[in-house]
file query02.txt (compact mmCIF, C-alpha atoms and all ligand atoms)
# COMPACT_ATOMS: atom_id res chain seq x y z
CA MET A 1 0.00 0.00 0.00
CA ARG A 2 0.98 3.66 -0.21
CA ALA A 3 1.59 5.31 3.15
CA MET A 4 3.00 8.48 4.60
CA VAL A 5 6.28 7.63 6.33
CA TYR A 6 8.39 9.66 8.77
CA ARG A 7 12.09 9.84 7.87
CA GLY A 8 13.22 12.35 10.51
CA PRO A 9 12.34 15.94 11.45
CA TYR A 10 10.84 17.83 8.49
CA LYS A 11 11.22 14.70 6.30
CA ILE A 12 8.00 13.13 5.16
CA ARG A 13 7.71 10.71 2.24
CA VAL A 14 5.06 8.54 0.67
CA GLU A 15 6.36 4.99 0.33
CA GLU A 16 5.26 1.42 -0.33
CA LYS A 17 4.47 -0.45 2.89
CA ASP A 18 2.87 -3.83 3.66
CA VAL A 19 -0.89 -3.72 4.11
CA PRO A 20 -1.44 -4.24 7.87
CA ALA A 21 -2.80 -7.62 8.95
CA ILE A 22 -5.23 -8.65 11.68
CA GLU A 23 -3.07 -9.28 14.77
CA HIS A 24 -5.81 -9.94 17.32
CA PRO A 25 -9.39 -11.27 17.01
CA ASN A 26 -10.70 -7.81 18.02
CA ASP A 27 -8.89 -5.99 15.21
CA ALA A 28 -10.32 -4.59 11.99
CA ILE A 29 -8.50 -3.38 8.92
CA VAL A 30 -9.92 -0.14 7.55
CA ARG A 31 -9.35 1.06 3.97
CA VAL A 32 -8.89 4.79 4.43
CA THR A 33 -10.85 7.16 2.19
CA LEU A 34 -10.20 10.51 3.83
CA ALA A 35 -7.69 11.67 6.45
CA ALA A 36 -6.42 15.00 7.79
CA ILE A 37 -3.30 16.65 9.12
CA CYS A 38 -3.68 17.93 12.68
CA GLY A 39 -1.77 20.67 14.50
CA SER A 40 -0.55 17.83 16.71
CA ASP A 41 1.11 16.18 13.71
CA LEU A 42 3.29 19.26 13.47
CA HIS A 43 4.89 18.45 16.84
CA LEU A 44 5.91 15.08 15.33
CA TYR A 45 7.02 16.73 12.09
CA HIS A 46 9.21 19.15 14.05
CA GLY A 47 10.84 16.27 15.92
CA MET A 48 9.45 17.50 19.27
CA MET A 49 7.82 14.23 20.29
CA PRO A 50 10.06 11.66 22.00
CA ASP A 51 10.36 8.21 20.38
CA THR A 52 9.01 9.15 16.97
CA ARG A 53 10.60 6.37 14.97
CA VAL A 54 11.76 6.43 11.38
CA GLY A 55 9.26 4.42 9.35
CA HIS A 56 6.26 5.41 11.49
CA THR A 57 3.07 6.39 9.65
CA PHE A 58 1.24 9.39 11.15
CA GLY A 59 -2.44 10.22 10.95
CA HIS A 60 -4.95 10.16 13.81
CA GLU A 61 -7.86 11.72 11.90
CA PHE A 62 -9.28 9.33 9.33
CA ILE A 63 -12.42 7.65 8.05
CA GLY A 64 -12.78 4.71 5.71
CA VAL A 65 -14.44 1.44 4.81
CA VAL A 66 -14.05 -1.77 6.83
CA ASP A 67 -11.94 -4.14 4.72
CA GLU A 68 -11.47 -7.08 7.08
CA VAL A 69 -12.59 -7.97 10.62
CA GLY A 70 -11.08 -10.26 13.26
CA SER A 71 -13.05 -13.31 14.41
CA ALA A 72 -14.27 -11.66 17.63
CA VAL A 73 -15.58 -8.43 16.09
CA GLU A 74 -19.37 -8.17 16.43
CA ASN A 75 -20.39 -4.59 15.69
CA LEU A 76 -18.71 -4.05 12.32
CA GLN A 77 -18.99 -5.73 8.96
CA VAL A 78 -16.86 -5.61 5.86
CA GLY A 79 -18.08 -2.69 3.75
CA ASP A 80 -19.25 -0.49 6.65
CA ARG A 81 -18.28 3.21 6.35
CA VAL A 82 -16.65 4.09 9.64
CA MET A 83 -15.24 7.06 11.50
CA VAL A 84 -12.48 6.23 13.97
CA PRO A 85 -11.74 8.40 17.03
CA PHE A 86 -8.06 9.30 17.40
CA ASN A 87 -7.84 7.46 20.71
CA VAL A 88 -7.05 3.76 20.81
CA PHE A 89 -8.96 2.53 23.86
CA CYS A 90 -10.23 -0.71 25.37
CA GLY A 91 -13.61 0.51 26.61
CA ARG A 92 -13.40 -1.57 29.80
CA CYS A 93 -10.60 -0.49 32.11
CA TYR A 94 -11.02 1.71 35.20
CA PHE A 95 -10.51 4.86 33.11
CA CYS A 96 -12.56 3.90 30.05
CA SER A 97 -15.48 2.95 32.25
CA ARG A 98 -15.40 6.56 33.54
CA GLY A 99 -15.35 8.01 30.02
CA LEU A 100 -11.63 8.84 30.19
CA TYR A 101 -10.94 7.14 26.86
CA SER A 102 -7.80 9.15 26.23
CA ASN A 103 -6.38 7.78 29.47
CA CYS A 104 -7.08 4.08 28.75
CA HIS A 105 -4.83 1.85 30.83
CA ASN A 106 -4.64 -1.11 28.44
CA VAL A 107 -3.33 0.24 25.17
CA ASN A 108 0.07 1.79 25.74
CA PRO A 109 2.88 -0.18 27.37
CA ASN A 110 5.26 2.76 26.85
CA ALA A 111 3.60 5.35 29.08
CA THR A 112 1.22 5.55 32.01
CA ALA A 113 0.05 9.15 31.57
CA VAL A 114 -1.26 9.02 28.03
CA GLY A 115 -3.28 6.24 26.40
CA GLY A 116 -2.97 5.15 22.77
CA ILE A 117 -3.15 7.48 19.77
CA TYR A 118 -3.01 6.39 16.12
CA GLY A 119 0.12 7.53 14.31
CA TYR A 120 1.50 9.44 17.24
CA SER A 121 4.93 7.91 18.00
CA HIS A 122 5.84 5.03 20.27
CA THR A 123 5.33 7.33 23.26
CA CYS A 124 1.63 7.04 22.42
CA GLY A 125 1.67 3.31 21.78
CA GLY A 126 3.39 2.97 18.39
CA TYR A 127 0.19 2.43 16.39
CA ASP A 128 0.60 3.25 12.72
CA GLY A 129 -1.86 5.93 11.63
CA GLY A 130 -4.34 6.67 8.89
CA GLN A 131 -2.36 8.81 6.44
CA ALA A 132 -2.15 5.60 4.42
CA GLU A 133 -4.33 3.39 2.28
CA PHE A 134 -4.99 0.92 5.10
CA VAL A 135 -4.80 1.01 8.88
CA ARG A 136 -5.13 -1.61 11.61
CA VAL A 137 -7.81 -0.65 14.14
CA PRO A 138 -7.58 -2.50 17.47
CA PHE A 139 -10.67 -2.89 19.73
CA ALA A 140 -12.77 -2.54 16.60
CA ASP A 141 -16.04 -2.93 18.53
CA VAL A 142 -15.15 -0.03 20.82
CA GLY A 143 -13.83 3.01 18.94
CA PRO A 144 -15.08 3.01 15.33
CA THR A 145 -18.66 4.04 14.61
CA LYS A 146 -20.67 3.74 11.42
CA ILE A 147 -20.92 7.16 9.79
CA PRO A 148 -24.55 8.31 9.94
CA GLU A 149 -26.22 8.21 6.50
CA TRP A 150 -26.84 11.96 6.53
CA MET A 151 -23.29 12.98 7.43
CA ASP A 152 -20.75 14.24 4.85
CA ASP A 153 -17.41 12.46 4.75
CA GLU A 154 -15.58 15.72 5.40
CA ASP A 155 -17.65 16.47 8.49
CA ALA A 156 -17.13 12.90 9.70
CA VAL A 157 -13.33 13.07 9.48
CA LEU A 158 -13.35 16.37 11.37
CA CYS A 159 -15.30 14.71 14.19
CA THR A 160 -12.45 12.23 14.75
CA ASP A 161 -10.33 14.90 16.44
CA ALA A 162 -10.27 18.64 15.69
CA LEU A 163 -13.99 19.33 16.17
CA ALA A 164 -14.36 16.99 19.15
CA THR A 165 -11.29 18.56 20.76
CA GLY A 166 -12.48 22.14 20.27
CA TYR A 167 -15.87 21.23 21.71
CA PHE A 168 -14.15 19.45 24.58
CA GLY A 169 -12.09 22.60 25.27
CA ALA A 170 -15.30 24.58 25.68
CA GLN A 171 -16.74 21.85 27.92
CA LEU A 172 -13.62 21.92 30.10
CA GLY A 173 -14.13 25.66 30.48
CA ASP A 174 -17.29 25.05 32.55
CA ILE A 175 -18.86 27.99 30.77
CA THR A 176 -21.92 29.46 32.47
CA GLN A 177 -24.54 31.78 30.99
CA GLY A 178 -23.07 35.09 29.87
CA ASP A 179 -19.42 34.21 30.48
CA THR A 180 -16.64 35.96 28.59
CA VAL A 181 -14.50 33.28 26.96
CA VAL A 182 -11.05 33.95 25.51
CA VAL A 183 -9.71 31.35 23.09
CA LEU A 184 -5.95 31.38 22.48
CA GLY A 185 -5.16 30.03 19.02
CA ALA A 186 -7.24 30.34 15.84
CA GLY A 187 -6.20 27.01 14.37
CA PRO A 188 -8.87 24.36 13.75
CA VAL A 189 -9.09 23.47 17.44
CA GLY A 190 -9.39 27.08 18.57
CA LEU A 191 -11.98 27.90 15.91
CA TYR A 192 -14.14 24.97 16.97
CA ALA A 193 -13.66 25.84 20.66
CA ALA A 194 -14.82 29.40 19.96
CA LYS A 195 -17.87 28.22 18.03
CA SER A 196 -18.72 25.64 20.71
CA SER A 197 -18.47 28.22 23.49
CA TRP A 198 -21.69 29.82 22.21
CA PHE A 199 -23.49 26.46 22.48
CA MET A 200 -22.56 26.43 26.15
CA GLY A 201 -23.95 29.86 26.92
CA ALA A 202 -21.01 32.23 26.45
CA GLY A 203 -21.99 35.89 26.33
CA ARG A 204 -18.80 36.96 24.60
CA VAL A 205 -16.11 35.07 22.70
CA ILE A 206 -12.69 36.59 21.95
CA VAL A 207 -10.12 34.76 19.80
CA ILE A 208 -6.41 35.63 19.96
CA ASP A 209 -3.78 34.70 17.35
CA HIS A 210 -1.23 36.50 15.19
CA LEU A 211 -2.31 35.14 11.81
CA GLU A 212 -4.73 37.69 10.42
CA TYR A 213 -6.33 35.29 7.92
CA ARG A 214 -7.21 32.90 10.72
CA LEU A 215 -8.67 35.72 12.81
CA GLU A 216 -10.85 36.60 9.81
CA LYS A 217 -12.11 33.00 9.88
CA ALA A 218 -12.76 33.34 13.63
CA LYS A 219 -15.03 36.32 12.91
CA GLU A 220 -16.85 34.62 10.08
CA PHE A 221 -17.10 31.03 11.35
CA ALA A 222 -17.25 31.56 15.11
CA HIS A 223 -18.70 35.10 15.25
CA ALA A 224 -15.90 36.03 17.64
CA GLU A 225 -14.20 39.29 18.50
CA THR A 226 -10.54 39.01 17.62
CA VAL A 227 -7.16 40.23 18.82
CA ASN A 228 -3.92 40.04 16.84
CA PHE A 229 -1.24 39.65 19.51
CA ALA A 230 1.49 40.75 17.11
CA GLU A 231 -0.11 44.18 17.06
CA GLU A 232 -0.45 44.46 20.85
CA GLY A 233 2.29 45.38 23.27
CA ASP A 234 0.83 43.48 26.19
CA VAL A 235 -1.84 40.89 25.47
CA VAL A 236 -2.63 40.26 29.11
CA LEU A 237 -3.22 43.94 29.72
CA LEU A 238 -5.51 44.02 26.71
CA MET A 239 -7.48 41.01 27.98
CA LYS A 240 -8.00 42.88 31.27
CA GLN A 241 -8.94 46.08 29.47
CA MET A 242 -11.57 44.20 27.45
CA THR A 243 -13.11 42.67 30.59
CA ASP A 244 -13.62 45.59 33.00
CA TRP A 245 -10.14 44.93 34.39
CA LEU A 246 -11.28 41.68 35.98
CA GLY A 247 -10.06 39.18 33.40
CA ALA A 248 -11.96 36.65 31.34
CA ASP A 249 -14.22 34.12 33.06
CA VAL A 250 -12.73 31.32 31.00
CA VAL A 251 -9.57 31.03 28.90
CA ILE A 252 -9.10 28.10 26.55
CA ASP A 253 -5.51 27.29 25.49
CA ALA A 254 -5.73 25.87 21.97
CA VAL A 255 -2.08 26.57 21.21
CA GLY A 256 0.15 24.22 23.20
CA ALA A 257 3.88 24.05 23.64
CA GLU A 258 4.95 25.44 20.28
CA ALA A 259 3.53 28.89 20.99
CA ASP A 260 4.92 32.06 19.47
CA GLY A 261 4.82 35.44 21.15
CA ASN A 262 7.93 35.71 23.27
CA LEU A 263 11.37 35.57 21.71
CA LEU A 264 13.21 34.62 24.89
CA GLN A 265 10.81 31.76 25.57
CA HIS A 266 11.16 30.62 22.00
CA VAL A 267 14.97 30.64 22.16
CA THR A 268 15.19 28.82 25.50
CA SER A 269 12.67 26.17 24.49
CA ALA A 270 12.49 25.44 20.78
CA LYS A 271 16.07 26.42 20.01
CA LEU A 272 18.15 25.63 23.12
CA LYS A 273 15.84 22.91 24.49
CA LEU A 274 16.22 24.29 28.01
CA GLN A 275 12.48 23.98 28.48
CA GLY A 276 10.12 21.35 27.08
CA GLY A 277 8.38 23.88 24.85
CA SER A 278 7.12 27.39 25.40
CA PRO A 279 4.54 27.99 28.16
CA ILE A 280 3.70 31.44 26.83
CA ALA A 281 0.11 30.71 25.85
CA LEU A 282 -0.55 28.92 29.12
CA ASN A 283 0.94 31.84 31.05
CA TRP A 284 -1.21 34.31 29.13
CA ALA A 285 -4.20 32.17 30.10
CA ILE A 286 -3.23 32.15 33.78
CA ASP A 287 -2.59 35.91 33.76
CA GLY A 288 -5.59 36.85 31.62
CA VAL A 289 -8.31 34.87 33.39
CA ARG A 290 -10.06 36.46 36.36
CA LYS A 291 -9.54 35.27 39.93
CA GLY A 292 -11.58 32.13 40.52
CA GLY A 293 -11.85 31.56 36.75
CA THR A 294 -11.17 28.47 34.67
CA VAL A 295 -8.28 27.73 32.34
CA ALA A 296 -9.01 24.87 29.93
CA VAL A 297 -6.01 23.38 28.16
CA VAL A 298 -6.39 21.35 25.00
CA GLY A 299 -3.14 22.53 23.41
CA ALA A 300 -0.51 19.79 23.55
CA TYR A 301 2.33 19.83 26.08
CA GLY A 302 5.14 17.32 26.50
CA PRO A 303 5.83 15.53 29.77
CA ILE A 304 8.62 17.83 30.98
CA PHE A 305 7.62 21.38 31.32
CA SER A 306 8.84 24.42 33.17
CA ALA A 307 8.32 28.11 33.78
CA VAL A 308 4.53 27.83 34.09
CA LYS A 309 3.20 30.49 36.48
CA PHE A 310 1.81 27.93 38.83
CA GLY A 311 2.03 30.12 41.92
CA ASP A 312 -0.18 32.72 40.28
CA ALA A 313 -2.67 29.99 39.39
CA VAL A 314 -2.75 28.93 43.05
CA ASN A 315 -3.02 32.45 44.41
CA LYS A 316 -5.79 33.40 41.98
CA GLY A 317 -7.79 30.32 42.95
CA LEU A 318 -8.01 29.09 39.39
CA THR A 319 -9.48 25.87 38.15
CA LEU A 320 -7.20 24.25 35.60
CA ARG A 321 -8.76 21.55 33.45
CA MET A 322 -7.07 19.64 30.66
CA ASN A 323 -6.75 16.34 28.83
CA GLN A 324 -6.29 14.73 25.49
CA CYS A 325 -9.81 14.65 24.12
CA PRO A 326 -11.82 11.51 24.81
CA VAL A 327 -13.30 11.85 21.34
CA LYS A 328 -16.17 9.41 21.31
CA ARG A 329 -17.73 10.97 24.41
CA GLN A 330 -18.38 14.18 22.43
CA TRP A 331 -20.04 12.51 19.46
CA PRO A 332 -23.72 12.30 20.47
CA ARG A 333 -23.93 16.06 21.13
CA LEU A 334 -21.80 16.97 18.11
CA PHE A 335 -23.91 14.84 15.81
CA GLU A 336 -26.99 16.75 17.00
CA HIS A 337 -25.39 20.13 16.39
CA ILE A 338 -24.29 19.09 12.90
CA ARG A 339 -27.58 17.49 11.96
CA ASN A 340 -29.67 20.46 13.03
CA GLY A 341 -27.41 22.83 11.10
CA HIS A 342 -25.90 24.75 14.01
CA LEU A 343 -22.48 23.64 12.93
CA LYS A 344 -20.89 22.89 9.55
CA PRO A 345 -17.48 21.47 10.41
CA ASN A 346 -15.98 21.59 6.93
CA ASP A 347 -16.45 25.38 6.72
CA ILE A 348 -12.85 25.64 7.95
CA VAL A 349 -11.32 23.22 5.43
CA THR A 350 -9.01 25.11 3.09
CA HIS A 351 -6.98 22.37 1.39
CA ARG A 352 -7.71 18.90 0.02
CA ILE A 353 -4.38 17.22 -0.69
CA PRO A 354 -3.86 13.86 -2.40
CA LEU A 355 -1.91 11.36 -0.25
CA GLU A 356 0.92 11.37 -2.79
CA ASP A 357 1.45 15.12 -2.12
CA ILE A 358 1.21 14.92 1.65
CA ALA A 359 4.78 16.20 2.17
CA ASP A 360 3.71 19.50 0.57
CA GLY A 361 0.71 19.51 2.90
CA TYR A 362 2.92 19.20 5.98
CA HIS A 363 5.20 21.93 4.73
CA MET A 364 2.35 24.34 3.98
CA PHE A 365 0.56 23.62 7.26
CA ALA A 366 3.73 23.94 9.35
CA ALA A 367 4.79 27.19 7.67
CA LYS A 368 1.17 28.47 7.58
CA LEU A 369 1.36 29.19 3.83
CA ASP A 370 -1.38 29.81 1.30
CA GLY A 371 -4.05 30.72 3.85
CA ILE A 372 -4.07 27.18 5.21
CA ILE A 373 -6.39 26.41 8.10
CA LYS A 374 -7.38 22.74 7.91
CA PRO A 375 -5.87 20.39 5.33
CA LEU A 376 -7.64 17.14 4.48
CA VAL A 377 -5.79 14.25 2.85
CA VAL A 378 -7.64 12.48 0.06
CA VAL A 379 -6.62 8.84 0.13
CA GLY A 380 -9.00 6.59 -1.80
CA ALA A 381 -12.45 6.40 -3.36
CA ALA A 382 -15.31 6.12 -0.83
N1 LIG A 401 -5.93 17.73 23.60
C1 LIG A 401 -6.16 17.11 22.45
O1 LIG A 401 -6.79 16.08 22.42
C2 LIG A 401 -5.70 17.73 21.17
C3 LIG A 401 -6.28 17.34 19.95
C4 LIG A 401 -5.94 18.02 18.78
C5 LIG A 401 -5.01 19.02 18.83
N2 LIG A 401 -4.41 19.34 20.02
C6 LIG A 401 -3.45 20.43 20.13
O2 LIG A 401 -4.15 21.66 20.00
C7 LIG A 401 -3.26 22.66 19.50
C8 LIG A 401 -3.91 23.36 18.31
O3 LIG A 401 -4.13 22.46 17.23
P1 LIG A 401 -4.51 23.01 15.79
O4 LIG A 401 -4.77 21.86 14.91
O5 LIG A 401 -5.55 24.07 15.93
O6 LIG A 401 -3.05 23.64 15.40
P2 LIG A 401 -2.54 24.90 14.55
O7 LIG A 401 -1.05 24.82 14.60
O8 LIG A 401 -3.20 24.96 13.22
O9 LIG A 401 -3.04 26.17 15.39
C9 LIG A 401 -2.32 26.78 16.44
C10 LIG A 401 -2.59 28.27 16.35
O10 LIG A 401 -2.03 28.92 17.51
C11 LIG A 401 -1.51 30.17 17.09
N3 LIG A 401 -0.58 30.66 18.12
C12 LIG A 401 0.75 30.46 18.25
N4 LIG A 401 1.21 31.06 19.37
C13 LIG A 401 0.14 31.66 19.95
C14 LIG A 401 -0.03 32.42 21.15
N5 LIG A 401 1.01 32.68 21.97
N6 LIG A 401 -1.28 32.89 21.43
C15 LIG A 401 -2.33 32.64 20.62
N7 LIG A 401 -2.23 31.90 19.48
C16 LIG A 401 -1.01 31.42 19.16
C17 LIG A 401 -0.88 29.86 15.75
O11 LIG A 401 -0.67 31.02 14.98
C18 LIG A 401 -1.94 28.93 15.13
O12 LIG A 401 -2.91 29.63 14.39
C19 LIG A 401 -1.95 21.93 19.16
O13 LIG A 401 -1.04 22.05 20.26
C20 LIG A 401 -2.39 20.49 19.06
O14 LIG A 401 -1.34 19.58 19.34
C21 LIG A 401 -4.75 18.72 21.18
ZN ZN A 402 -4.93 15.83 16.60
ZN ZN A 403 -9.39 1.33 28.66

call {"tool": "encode", "arguments": {"input": "query02.txt", "output": "structure tokens", "more": "lines below"}}
Ligand SMILES: NC(=O)c1ccc[n+]([C@@H]2O[C@H](COP(=O)([O-])OP(=O)(O)OC[C@H]3O[C@@H](n4cnc5c(N)ncnc54)[C@H](O)[C@@H]3O)[C@@H](O)[C@H]2O)c1
Ligand SMILES: [Zn+2]
Ligand SMILES: [Zn+2]
result
Amino acid sequence: MRAMVYRGPYKIRVEEKDVPAIEHPNDAIVRVTLAAICGSDLHLYHGMMPDTRVGHTFGHEFIGVVDEVGSAVENLQVGDRVMVPFNVFCGRCYFCSRGLYSNCHNVNPNATAVGGIYGYSHTCGGYDGGQAEFVRVPFADVGPTKIPEWMDDEDAVLCTDALATGYFGAQLGDITQGDTVVVLGAGPVGLYAAKSSWFMGAGRVIVIDHLEYRLEKAKEFAHAETVNFAEEGDVVLLMKQMTDWLGADVVIDAVGAEADGNLLQHVTSAKLKLQGGSPIALNWAIDGVRKGGTVAVVGAYGPIFSAVKFGDAVNKGLTLRMNQCPVKRQWPRLFEHIRNGHLKPNDIVTHRIPLEDIADGYHMFAAKLDGIIKPLVVVGAA
């Protein structure tokens, strides 16, 4: 089969690989039709994620058609169109039974903090991902779901991570009626978090980024007020100014550890590797939220992290909530919002890239070229 393959930082190729085989009676093999590149894939692409091995196939957002099922699989049949959440999870352990699918205890022998994620290095279990013609899907009765008849393929693939994660960010914010919500980051996750904040009762939504074309999308898609931090001397001061000097009720960090906005932070983290990434967005969140407010973190951070203003978080009495998104838990609500027309996920898709050209897709998405917001990867016929 043809598959995206990692060859080292900034080196992506499409190569011939063996079609994956059933390894366990609960496995299915899915023939991928549509995939996507996520902001999280950029951390792999930049070589920031430990134990990303040469030869690994990325891709944790994908949909496809069931090609083969193991002998124990009951809920799926060959030919079913399925959407697969980015989490690999067993559905039965202590954590899964509490809905913490992203923290499943049975799927990742390499780490105890994080569960399994398709195509996300051996730190996240070493499962090959869906930027390929075929993918092995473990626990096939647990994660994958038949795509509802009425749902577009593009909307379905966006539900497998970006949309579910943005929605989850707004849920973690514990938004109450009339709250002012600040969303840091106008990438796909931030745009969906901003849009979802209205569903949860926000009275005001402000999106902050430095890419003007993405802020335009935040106005149009999420009806948000916007701030371009590159044009502001002090973003935190501005957040206070915009909120009667109290701070926002809720701040959602949809940026993560590769944040821009402070040269010194950038040099000590990304360049000198003295810190495990830049905490600048998280620190803006802690400083910009009001006392007693909530900071929701869905941006990705590595295990070792420093220079977070934790003392200020304590002294302000903040609630900090965070996780990798337990994707399938969000689906029933999301499906309703999509079906009744409150939400059209593929409104933010800007690029549809054939699998053979995926290296260009990574380059464009990483360098934020050509007005890119969300790139889909077209793999095979539906
Ligand atoms: N928790 C999860 O389950 C989960 C799932 C998907 C993605 N993620 C993470 O969410 C983050 C966003 O993903 P994405 O696909 O939207 O990525 P993206 O790279 O397209 O978007 C990130 C945006 O943040 C902006 N930005 C950079 N520094 C900033 C700052 N200091 N303040 C405000 N904005 C800033 C960038 O300009 C960019 O528009 C990534 O860290 C990704 O790894 C987490
Ligand atoms: Zn992702
Ligand atoms: Zn589990």

call {"tool": "closest_atom_pairs", "arguments": {"input": "query02.txt", "of": "segment 217-329 of chain A", "to": "segment 197-200 of chain A", "cutoff": "10 Å", "atoms": "all atoms listed in the file", "output": "CSV"}}
result
residue,atom,partner,partner_atom,distance
A:Ala222,CA,A:Trp198,CA,8.6
A:His223,CA,A:Trp198,CA,9.2
A:Ala224,CA,A:Trp198,CA,9.6
A:Val250,CA,A:Ser197,CA,9.9
A:Ile252,CA,A:Ser197,CA,9.9

call {"tool": "closest_residue", "arguments": {"input": "query02.txt", "among": "A:His210, A:His105, A:Arg352, A:Lys195", "to": "ligand ZN 403 (chain A)", "atoms": "only C-alpha atoms and all ligand atoms"}}
result
A:His105

call {"tool": "residues_near_ligand", "arguments": {"input": "query02.txt", "ligand": "ligand ZN 403 (chain A)", "cutoff": "12 Å", "atoms": "all atoms listed in the file", "output": "JSON, numbers by chain"}}
result
{"A": [87, 88, 89, 90, 91, 92, 93, 94, 95, 96, 97, 98, 99, 100, 101, 102, 103, 104, 105, 106, 107, 108, 112, 114, 115, 116, 138, 139, 142, 143, 326]}

call {"tool": "closest_atom_pairs", "arguments": {"input": "query02.txt", "of": "chain A", "to": "ligand ZN 402 (chain A)", "cutoff": "9 Å", "atoms": "all atoms listed in the file", "output": "tab-separated table"}}
result
residue	atom	partner	partner_atom	distance
A:Ala36	CA	A:ZN402	ZN	9.0
A:Ile37	CA	A:ZN402	ZN	7.7
A:Cys38	CA	A:ZN402	ZN	4.6
A:Gly39	CA	A:ZN402	ZN	6.1
A:Ser40	CA	A:ZN402	ZN	4.8
A:Asp41	CA	A:ZN402	ZN	6.7
A:Gly59	CA	A:ZN402	ZN	8.3
A:His60	CA	A:ZN402	ZN	6.3
A:Glu61	CA	A:ZN402	ZN	6.9
A:Phe86	CA	A:ZN402	ZN	7.3
A:Thr160	CA	A:ZN402	ZN	8.5
A:Asp161	CA	A:ZN402	ZN	5.5
A:Ala162	CA	A:ZN402	ZN	6.1
A:Thr165	CA	A:ZN402	ZN	8.1
A:Val189	CA	A:ZN402	ZN	8.7

call {"tool": "atom_distance", "arguments": {"input": "query02.txt", "atom1": "atom CA of Glu212 of chain A", "atom2": "atom O9 of ligand LIG 401 (chain A)"}}
result
12.7 Å

call {"tool": "atom_distance", "arguments": {"input": "query02.txt", "atom1": "atom CA of Ile22 of chain A", "atom2": "atom CA of His122 of chain A"}}
result
19.6 Å
